[in-house]
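Asks: The structure under discussion is supplied below as structure tokens; questions concerning it will follow.
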Amino acid sequence: GNSVTQMEGPVTLSEEAFLTINCTYTATGYPSLFWYVQYPGEGLQLLLKATKADDKGSNKGFEATYRKETTSFHLEKGSVQVSDSAVYFCALRAFFGNEKLTFGTGTRLTIIP
Amino acid sequence: EPEVTQTPSHQVTQMGQEVILRCVPISNHLYFYWYRQILGQKVEFLVSFYNNEISEKSEIFDDQFSVERPDGSNFTLKIRSTKLEDSAMYFCASSERVQFFGPGTRLTVL
């Protein structure tokens, strides 16, 4: 079945540091890939997505590129802020548009001033 | 901006009691989902719902769970006889290609 493996946390960085959170997946066919973010006390918000190989999703300075050859979708940001502190979830959805999401375990990110 | 809403935000119940968690999906969405997140663990799929019937369910979604769309706006998750291990955050989502999540209901079973 489908699965998502995410970098173990927690991750603590200083403000303005470079961020990478690794995500790899196992899936049949051509899944769509997502990053969701969960701020303290809130629900899941879609951060970015990519629906086919070599697509780059981007939002709020975050980027991730769909790499089919390495089955990866790593999240990056060039300069993190304190407000980026949250839990980040990588997820995939099977090819057909409205199927369930399969999530990774989540990575807790803390940014210190 | 349209959003998914959920009530209540926190529900405390005694083991063996029935609970109903409520969700109002985004109005033009046709696909609805429930997920749960046990504290500190990953978000797990429970069930998906389309055209007034379950389209997929996980092995977690056993006979004690049921879903319903009682009117044109609400989407509910019922747990018939709660267990301690049902304590979790329950998220509703709706979709027209991309899933949008509600803020969650924290269920505590004592």
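The way I read the labels, and the way they are meant: chains A, B, ... in the order of the structure tokens, residue 1 as the first residue of every chain, and ligand 1 as the first ligand shown, with later ones counted on from there.
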As a list in words, please: the residues near region 47-54 of chain B (cut-off 8 Å, only C-alpha atoms, same-chain neighbours under 2 positions excluded).

Replies: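 Answer for this query is Glu99 and Lys100 of chain A; Leu30, Tyr31, Phe32, Tyr33, Trp34, Tyr35, Phe45, Glu56, Lys57, Ser58, Phe61, Glu68 and Arg69 of chain B.
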
Asks: Using only C-alpha atoms, which chain A residues lie at most 8 Å away from chain B, written as a ChimeraX atom specification?

Replies: /A:42-46,97-106

Asks: Keeping C-alpha atoms, export the residues of the selection given above as a PDB file, in the first residue's frame.

Replies:
ATOM      1  CA  GLU A  42      -5.045  24.664  15.063  1.00  0.00           C
ATOM      2  CA  GLY A  43      -6.060  22.235  12.343  1.00  0.00           C
ATOM      3  CA  LEU A  44      -4.210  21.202   9.216  1.00  0.00           C
ATOM      4  CA  GLN A  45      -3.605  23.809   6.544  1.00  0.00           C
ATOM      5  CA  LEU A  46      -2.455  23.054   3.037  1.00  0.00           C
ATOM      6  CA  GLY A  97      -8.472  12.988  -7.451  1.00  0.00           C
ATOM      7  CA  ASN A  98     -10.599  12.486  -4.382  1.00  0.00           C
ATOM      8  CA  GLU A  99      -9.079   9.531  -2.631  1.00  0.00           C
ATOM      9  CA  LYS A 100      -7.835   9.605   0.937  1.00  0.00           C
ATOM     10  CA  LEU A 101      -4.614  11.239   2.035  1.00  0.00           C
ATOM     11  CA  THR A 102      -1.834   9.134   3.513  1.00  0.00           C
ATOM     12  CA  PHE A 103       0.242  11.132   5.976  1.00  0.00           C
ATOM     13  CA  GLY A 104       3.750  10.934   7.333  1.00  0.00           C
ATOM     14  CA  THR A 105       4.368  11.097  11.048  1.00  0.00           C
ATOM     15  CA  GLY A 106       4.871  14.860  11.107  1.00  0.00           C
TER      16      GLY A 106
END

Asks: B:Ser27, B:Ser66, B:Thr108, B:Gln11: which is nearest Lys83 (chain B), counting only C-alpha atoms?

Replies: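 Residue with the minimum atom-to-atom distance to Lys83 (chain B): B:Thr108.
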
Asks: Looking at only C-alpha atoms, which of A:Ile111, A:Cys90, A:Val11, A:Val80 is the one that sits closest to Cys23 (chain A)?

Replies: A:Cys90

Asks: Which neighbours of Ala88 (chain B) fall inside 8 Å, counting only C-alpha atoms, when residues of the same chain fewer than 2 positions from it are skipped, and could you give them as a JSON list (two decimals) with C-alpha atoms, in the first residue's frame?

Replies:
[["chain", "number", "residue", "atom", "x", "y", "z"],
["B", 36, "ARG", "CA", -8.07, 11.19, 13.48],
["B", 37, "GLN", "CA", -4.81, 12.03, 15.21],
["B", 38, "ILE", "CA", -3.95, 10.35, 18.47],
["B", 39, "LEU", "CA", -1.77, 12.66, 20.54],
["B", 85, "GLU", "CA", -8.37, 4.48, 22.89],
["B", 86, "ASP", "CA", -10.83, 6.63, 20.94],
["B", 90, "TYR", "CA", -10.84, 14.16, 14.95],
["B", 106, "ARG", "CA", -10.56, 16.96, 20.63],
["B", 107, "LEU", "CA", -12.32, 13.91, 22.06],
["B", 108, "THR", "CA", -11.36, 12.82, 25.56]]

Asks: Might you pull out every residue within 12 Å of Gly9 (chain A), with only C-alpha atoms counted and same-chain residues fewer than 5 positions away left off, and present them as a ChimeraX atom specification?

Replies: /A:20-22,86-89,104-110 /B:40

Asks: If you keep all heavy atoms, can you produce a file of those selected residues as a tab-separated table (two decimals), in the first residue's frame?

Replies:
chain	number	residue	atom	x	y	z
A	20	THR	N	15.45	22.17	5.75
A	20	THR	CA	15.05	21.04	4.91
A	20	THR	C	14.36	20.03	5.80
A	20	THR	O	14.89	19.66	6.85
A	20	THR	CB	16.27	20.35	4.25
A	20	THR	OG1	16.97	21.27	3.44
A	20	THR	CG2	15.80	19.18	3.39
A	21	ILE	N	13.19	19.58	5.37
A	21	ILE	CA	12.52	18.46	6.02
A	21	ILE	C	12.33	17.40	4.94
A	21	ILE	O	11.67	17.63	3.93
A	21	ILE	CB	11.15	18.84	6.62
A	21	ILE	CG1	11.31	19.95	7.66
A	21	ILE	CG2	10.49	17.62	7.25
A	21	ILE	CD1	9.99	20.43	8.26
A	22	ASN	N	12.93	16.24	5.18
A	22	ASN	CA	12.90	15.19	4.17
A	22	ASN	C	11.60	14.41	4.18
A	22	ASN	O	11.02	14.14	5.24
A	22	ASN	CB	14.05	14.21	4.39
A	22	ASN	CG	15.40	14.83	4.07
A	22	ASN	OD1	15.48	15.80	3.31
A	22	ASN	ND2	16.46	14.30	4.62
A	86	ALA	N	5.90	25.10	13.89
A	86	ALA	CA	4.66	24.33	13.66
A	86	ALA	C	5.05	22.87	13.46
A	86	ALA	O	6.23	22.52	13.47
A	86	ALA	CB	3.93	24.86	12.43
A	87	VAL	N	4.04	22.03	13.23
A	87	VAL	CA	4.28	20.65	12.82
A	87	VAL	C	3.97	20.54	11.33
A	87	VAL	O	2.92	21.00	10.88
A	87	VAL	CB	3.42	19.66	13.62
A	87	VAL	CG1	3.72	18.23	13.18
A	87	VAL	CG2	3.66	19.82	15.11
A	88	TYR	N	4.88	19.95	10.59
A	88	TYR	CA	4.75	19.83	9.13
A	88	TYR	C	4.52	18.37	8.76
A	88	TYR	O	5.25	17.48	9.20
A	88	TYR	CB	6.01	20.37	8.45
A	88	TYR	CG	6.14	21.87	8.62
A	88	TYR	CD1	6.64	22.42	9.80
A	88	TYR	CD2	5.70	22.75	7.63
A	88	TYR	CE1	6.72	23.79	9.98
A	88	TYR	CE2	5.79	24.11	7.80
A	88	TYR	CZ	6.29	24.63	8.98
A	88	TYR	OH	6.36	25.99	9.16
A	89	PHE	N	3.49	18.15	7.95
A	89	PHE	CA	3.11	16.80	7.53
A	89	PHE	C	3.24	16.69	6.02
A	89	PHE	O	2.66	17.49	5.28
A	89	PHE	CB	1.65	16.49	7.90
A	89	PHE	CG	1.40	16.36	9.37
A	89	PHE	CD1	1.02	17.45	10.12
A	89	PHE	CD2	1.53	15.13	10.00
A	89	PHE	CE1	0.78	17.34	11.47
A	89	PHE	CE2	1.29	15.00	11.35
A	89	PHE	CZ	0.91	16.10	12.09
A	104	GLY	N	2.57	11.28	6.56
A	104	GLY	CA	3.75	10.93	7.33
A	104	GLY	C	3.51	11.24	8.80
A	104	GLY	O	2.45	11.72	9.19
A	105	THR	N	4.51	10.97	9.60
A	105	THR	CA	4.37	11.10	11.05
A	105	THR	C	4.40	12.54	11.54
A	105	THR	O	4.06	12.80	12.68
A	105	THR	CB	5.49	10.33	11.77
A	105	THR	OG1	6.74	10.75	11.22
A	105	THR	CG2	5.34	8.84	11.60
A	106	GLY	N	4.79	13.46	10.68
A	106	GLY	CA	4.87	14.86	11.11
A	106	GLY	C	6.24	15.20	11.67
A	106	GLY	O	6.90	14.36	12.30
A	107	THR	N	6.69	16.42	11.43
A	107	THR	CA	7.96	16.91	11.96
A	107	THR	C	7.70	18.21	12.68
A	107	THR	O	7.21	19.17	12.08
A	107	THR	CB	8.98	17.15	10.83
A	107	THR	OG1	9.21	15.93	10.12
A	107	THR	CG2	10.30	17.66	11.40
A	108	ARG	N	8.01	18.22	13.97
A	108	ARG	CA	7.82	19.44	14.76
A	108	ARG	C	9.01	20.35	14.56
A	108	ARG	O	10.15	19.94	14.80
A	108	ARG	CB	7.64	19.11	16.23
A	108	ARG	CG	7.42	20.35	17.11
A	108	ARG	CD	7.11	19.98	18.55
A	108	ARG	NE	5.91	19.18	18.67
A	108	ARG	CZ	4.68	19.69	18.66
A	108	ARG	NH1	4.50	21.00	18.56
A	108	ARG	NH2	3.63	18.89	18.79
A	109	LEU	N	8.76	21.57	14.11
A	109	LEU	CA	9.80	22.56	13.85
A	109	LEU	C	9.67	23.69	14.86
A	109	LEU	O	8.58	24.26	15.02
A	109	LEU	CB	9.66	23.12	12.44
A	109	LEU	CG	10.57	24.27	12.05
A	109	LEU	CD1	12.02	23.81	12.02
A	109	LEU	CD2	10.16	24.86	10.71
A	110	THR	N	10.76	24.00	15.52
A	110	THR	CA	10.80	25.14	16.44
A	110	THR	C	11.90	26.08	15.98
A	110	THR	O	13.05	25.66	15.78
A	110	THR	CB	11.08	24.69	17.88
A	110	THR	OG1	10.07	23.77	18.28
A	110	THR	CG2	11.09	25.88	18.84
B	40	GLY	N	0.36	13.05	19.46
B	40	GLY	CA	1.76	12.76	19.15
B	40	GLY	C	1.97	11.78	18.02
B	40	GLY	O	3.11	11.45	17.69

Asks: Go through B:Phe75, B:Glu59, B:Gln64, B:His10 and flag the residue nearest Cys23 (chain B), using only C-alpha atoms for the distances.

Replies: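 Answer, going by the shortest atom-to-atom distance: B:Phe75.
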
Asks: Considering only C-alpha atoms, state which residue in the set A:Ala17, A:Tyr39, A:His74, A:Tyr25 is at the smallest distance from Thr5 (chain A).

Replies: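 Using only C-alpha atoms, the shortest distance to Thr5 (chain A) belongs to A:Tyr25.
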
Asks: Leaving out Glu16 (chain A) and any residue of its chain fewer than 6 positions from it, which residues lie within 12 Å of it when counting only C-alpha atoms, given as a compact mmCIF listing (two decimals) with all heavy atoms, in the first residue's frame?

Replies:
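And here's result31.txt as it stands now:
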# COMPACT_ATOMS: atom_id res chain seq x y z
N GLY A 61 7.30 31.19 0.89
CA GLY A 61 8.75 30.99 0.93
C GLY A 61 9.17 29.54 1.01
O GLY A 61 10.35 29.22 0.90
N LYS A 77 13.08 25.80 2.93
CA LYS A 77 12.86 27.24 3.02
C LYS A 77 14.22 27.89 3.29
O LYS A 77 14.98 27.42 4.13
CB LYS A 77 11.88 27.60 4.13
CG LYS A 77 11.54 29.10 4.13
CD LYS A 77 10.46 29.46 5.13
CE LYS A 77 10.09 30.94 4.98
NZ LYS A 77 9.08 31.41 5.96
N GLY A 78 14.48 28.96 2.58
CA GLY A 78 15.81 29.57 2.64
C GLY A 78 16.11 30.30 3.93
O GLY A 78 17.27 30.33 4.38
N SER A 79 15.10 30.87 4.56
CA SER A 79 15.33 31.68 5.76
C SER A 79 14.08 31.60 6.64
O SER A 79 13.07 32.24 6.35
CB SER A 79 15.62 33.14 5.36
OG SER A 79 15.77 33.95 6.50
N VAL A 80 14.16 30.79 7.69
CA VAL A 80 12.96 30.55 8.50
C VAL A 80 12.74 31.68 9.51
O VAL A 80 13.68 32.39 9.91
CB VAL A 80 13.04 29.19 9.23
CG1 VAL A 80 12.96 28.05 8.24
CG2 VAL A 80 14.30 29.10 10.09
N GLN A 81 11.50 31.82 9.90
CA GLN A 81 11.09 32.83 10.89
C GLN A 81 10.47 32.13 12.10
O GLN A 81 10.02 30.98 11.99
CB GLN A 81 10.07 33.79 10.27
CG GLN A 81 10.53 34.43 8.98
CD GLN A 81 11.80 35.23 9.15
OE1 GLN A 81 11.91 36.01 10.11
NE2 GLN A 81 12.77 35.05 8.26
N VAL A 82 10.41 32.86 13.20
CA VAL A 82 9.80 32.29 14.41
C VAL A 82 8.37 31.84 14.14
O VAL A 82 7.93 30.80 14.65
CB VAL A 82 9.84 33.33 15.56
CG1 VAL A 82 9.04 32.83 16.75
CG2 VAL A 82 11.29 33.61 15.97
N SER A 83 7.68 32.58 13.28
CA SER A 83 6.29 32.25 12.96
C SER A 83 6.14 30.96 12.16
O SER A 83 5.02 30.47 11.98
CB SER A 83 5.64 33.39 12.18
OG SER A 83 6.38 33.66 11.01
N ASP A 84 7.23 30.38 11.69
CA ASP A 84 7.19 29.10 10.99
C ASP A 84 7.15 27.91 11.95
O ASP A 84 7.02 26.76 11.51
CB ASP A 84 8.40 28.95 10.06
CG ASP A 84 8.40 29.96 8.93
OD1 ASP A 84 7.30 30.32 8.45
OD2 ASP A 84 9.50 30.39 8.52
N ILE A 111 11.54 27.34 15.81
CA ILE A 111 12.50 28.37 15.40
C ILE A 111 12.76 29.29 16.60
O ILE A 111 11.81 29.83 17.17
CB ILE A 111 11.99 29.19 14.22
CG1 ILE A 111 11.55 28.26 13.07
CG2 ILE A 111 13.06 30.18 13.75
CD1 ILE A 111 12.64 27.37 12.54
N ILE A 112 14.02 29.43 16.95
CA ILE A 112 14.36 30.29 18.08
C ILE A 112 14.95 31.61 17.59
O ILE A 112 15.69 31.63 16.61
CB ILE A 112 15.31 29.57 19.05
CG1 ILE A 112 16.54 29.01 18.31
CG2 ILE A 112 14.60 28.45 19.76
CD1 ILE A 112 17.55 28.35 19.23
N PRO A 113 14.57 32.70 18.24
CA PRO A 113 15.04 34.02 17.77
C PRO A 113 16.55 34.17 17.93
O PRO A 113 17.17 33.54 18.79
CB PRO A 113 14.29 35.01 18.66
CG PRO A 113 13.30 34.23 19.44
CD PRO A 113 13.69 32.80 19.39

Asks: Could you tell me, as an MDAnalysis selection string, which residues of chain A DSSP assigns to strand (DSSP E) when given the backbone?

Replies: chainID A and resid 3:6 11:14 19:21 23:26 32:38 44:50 56:59 62:65 75:77 86:93 101:103 107:112

Asks: Do you know which residues are at most 9 Å from Leu110 (chain B) counting only C-alpha atoms, after dropping those on the same chain fewer than 4 positions away, and could you put them as a list of chain:residue names?

Replies: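 Neighbouring residues, sequence-local ones excluded: B:Val12, B:Thr13, B:Gln14, B:Met15, B:Lys83, B:Leu84, B:Ser87.
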
Asks: Take the residues just selected and output them with C-alpha atoms as a PDB file, in the first residue's frame.

Replies:
ATOM      1  CA  VAL B  12     -15.286  14.946  27.145  1.00  0.00           C
ATOM      2  CA  THR B  13     -17.243  11.728  27.608  1.00  0.00           C
ATOM      3  CA  GLN B  14     -17.369   8.630  29.762  1.00  0.00           C
ATOM      4  CA  MET B  15     -16.296   5.294  28.360  1.00  0.00           C
ATOM      5  CA  LYS B  83     -13.395   3.413  24.387  1.00  0.00           C
ATOM      6  CA  LEU B  84     -10.399   4.976  26.084  1.00  0.00           C
ATOM      7  CA  SER B  87      -9.344   9.686  22.650  1.00  0.00           C
TER       8      SER B  87
END

Asks: Between A:Asn59, A:Thr65, A:Ser85, A:Thr70, single out the one closest to Leu33 (chain A), counting only C-alpha atoms.

Replies: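 For Leu33 (chain A), the nearest of the candidates is A:Thr65.
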
Asks: Please measure the separation of CA of Ser73 (chain B) and CA of Gln6 (chain B), giving the value in Å to one decimal.

Replies: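 Taking CA of Ser73 (chain B) and CA of Gln6 (chain B), their separation equals 11.8 Å.
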
Asks: Near Arg67 (chain A), counting only C-alpha atoms, which residues have an atom at most 9 Å away, once you skip same-chain residues fewer than 4 positions from it, shown as a list in words?

Replies: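 Surrounding residues, per the criterion: Lys52, Ala53, Asp54, Asp55, Thr71, Ser72, Phe73 and His74 of chain A.
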
Asks: Any chance you can output those residues with N, CA, C and O atoms as a PDB file, in the first residue's frame?

Replies:
ATOM      1  N   LYS A  52       2.524  16.243 -10.386  1.00  0.00           N
ATOM      2  CA  LYS A  52       3.231  15.362 -11.305  1.00  0.00           C
ATOM      3  C   LYS A  52       4.728  15.552 -11.168  1.00  0.00           C
ATOM      4  O   LYS A  52       5.209  16.544 -10.602  1.00  0.00           O
ATOM      5  N   ALA A  53       5.462  14.610 -11.715  1.00  0.00           N
ATOM      6  CA  ALA A  53       6.918  14.602 -11.591  1.00  0.00           C
ATOM      7  C   ALA A  53       7.516  15.914 -12.091  1.00  0.00           C
ATOM      8  O   ALA A  53       7.079  16.471 -13.099  1.00  0.00           O
ATOM      9  N   ASP A  54       8.494  16.405 -11.321  1.00  0.00           N
ATOM     10  CA  ASP A  54       9.252  17.633 -11.595  1.00  0.00           C
ATOM     11  C   ASP A  54       8.470  18.906 -11.302  1.00  0.00           C
ATOM     12  O   ASP A  54       9.026  20.003 -11.436  1.00  0.00           O
ATOM     13  N   ASP A  55       7.213  18.787 -10.903  1.00  0.00           N
ATOM     14  CA  ASP A  55       6.462  19.963 -10.457  1.00  0.00           C
ATOM     15  C   ASP A  55       7.115  20.506  -9.191  1.00  0.00           C
ATOM     16  O   ASP A  55       7.544  19.745  -8.327  1.00  0.00           O
ATOM     17  N   THR A  71      11.705   9.233  -5.488  1.00  0.00           N
ATOM     18  CA  THR A  71      10.425   9.174  -4.738  1.00  0.00           C
ATOM     19  C   THR A  71      10.484  10.079  -3.516  1.00  0.00           C
ATOM     20  O   THR A  71      10.243   9.652  -2.380  1.00  0.00           O
ATOM     21  N   SER A  72      10.793  11.356  -3.765  1.00  0.00           N
ATOM     22  CA  SER A  72      10.952  12.294  -2.662  1.00  0.00           C
ATOM     23  C   SER A  72      10.190  13.583  -2.922  1.00  0.00           C
ATOM     24  O   SER A  72       9.856  13.925  -4.069  1.00  0.00           O
ATOM     25  N   PHE A  73       9.935  14.297  -1.824  1.00  0.00           N
ATOM     26  CA  PHE A  73       9.227  15.589  -1.885  1.00  0.00           C
ATOM     27  C   PHE A  73       9.683  16.397  -0.670  1.00  0.00           C
ATOM     28  O   PHE A  73       8.924  16.706   0.230  1.00  0.00           O
ATOM     29  N   HIS A  74      10.946  16.744  -0.659  1.00  0.00           N
ATOM     30  CA  HIS A  74      11.546  17.413   0.495  1.00  0.00           C
ATOM     31  C   HIS A  74      11.092  18.868   0.576  1.00  0.00           C
ATOM     32  O   HIS A  74      11.082  19.581  -0.437  1.00  0.00           O
TER      33      HIS A  74
END

Asks: Figure out the distance between CA of Ala27 (chain A) and CA of Leu75 (chain A), please, to one decimal in Å.

Replies: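 Atom-to-atom, CA of Leu75 (chain A) and CA of Ala27 (chain A) are spaced 18.8 Å apart.
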
Asks: Mind pulling up the distance from CA of Leu48 (chain A) to CA of Phe34 (chain A)?

Replies: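 Here the two named atoms are 5.9 Å from each other.
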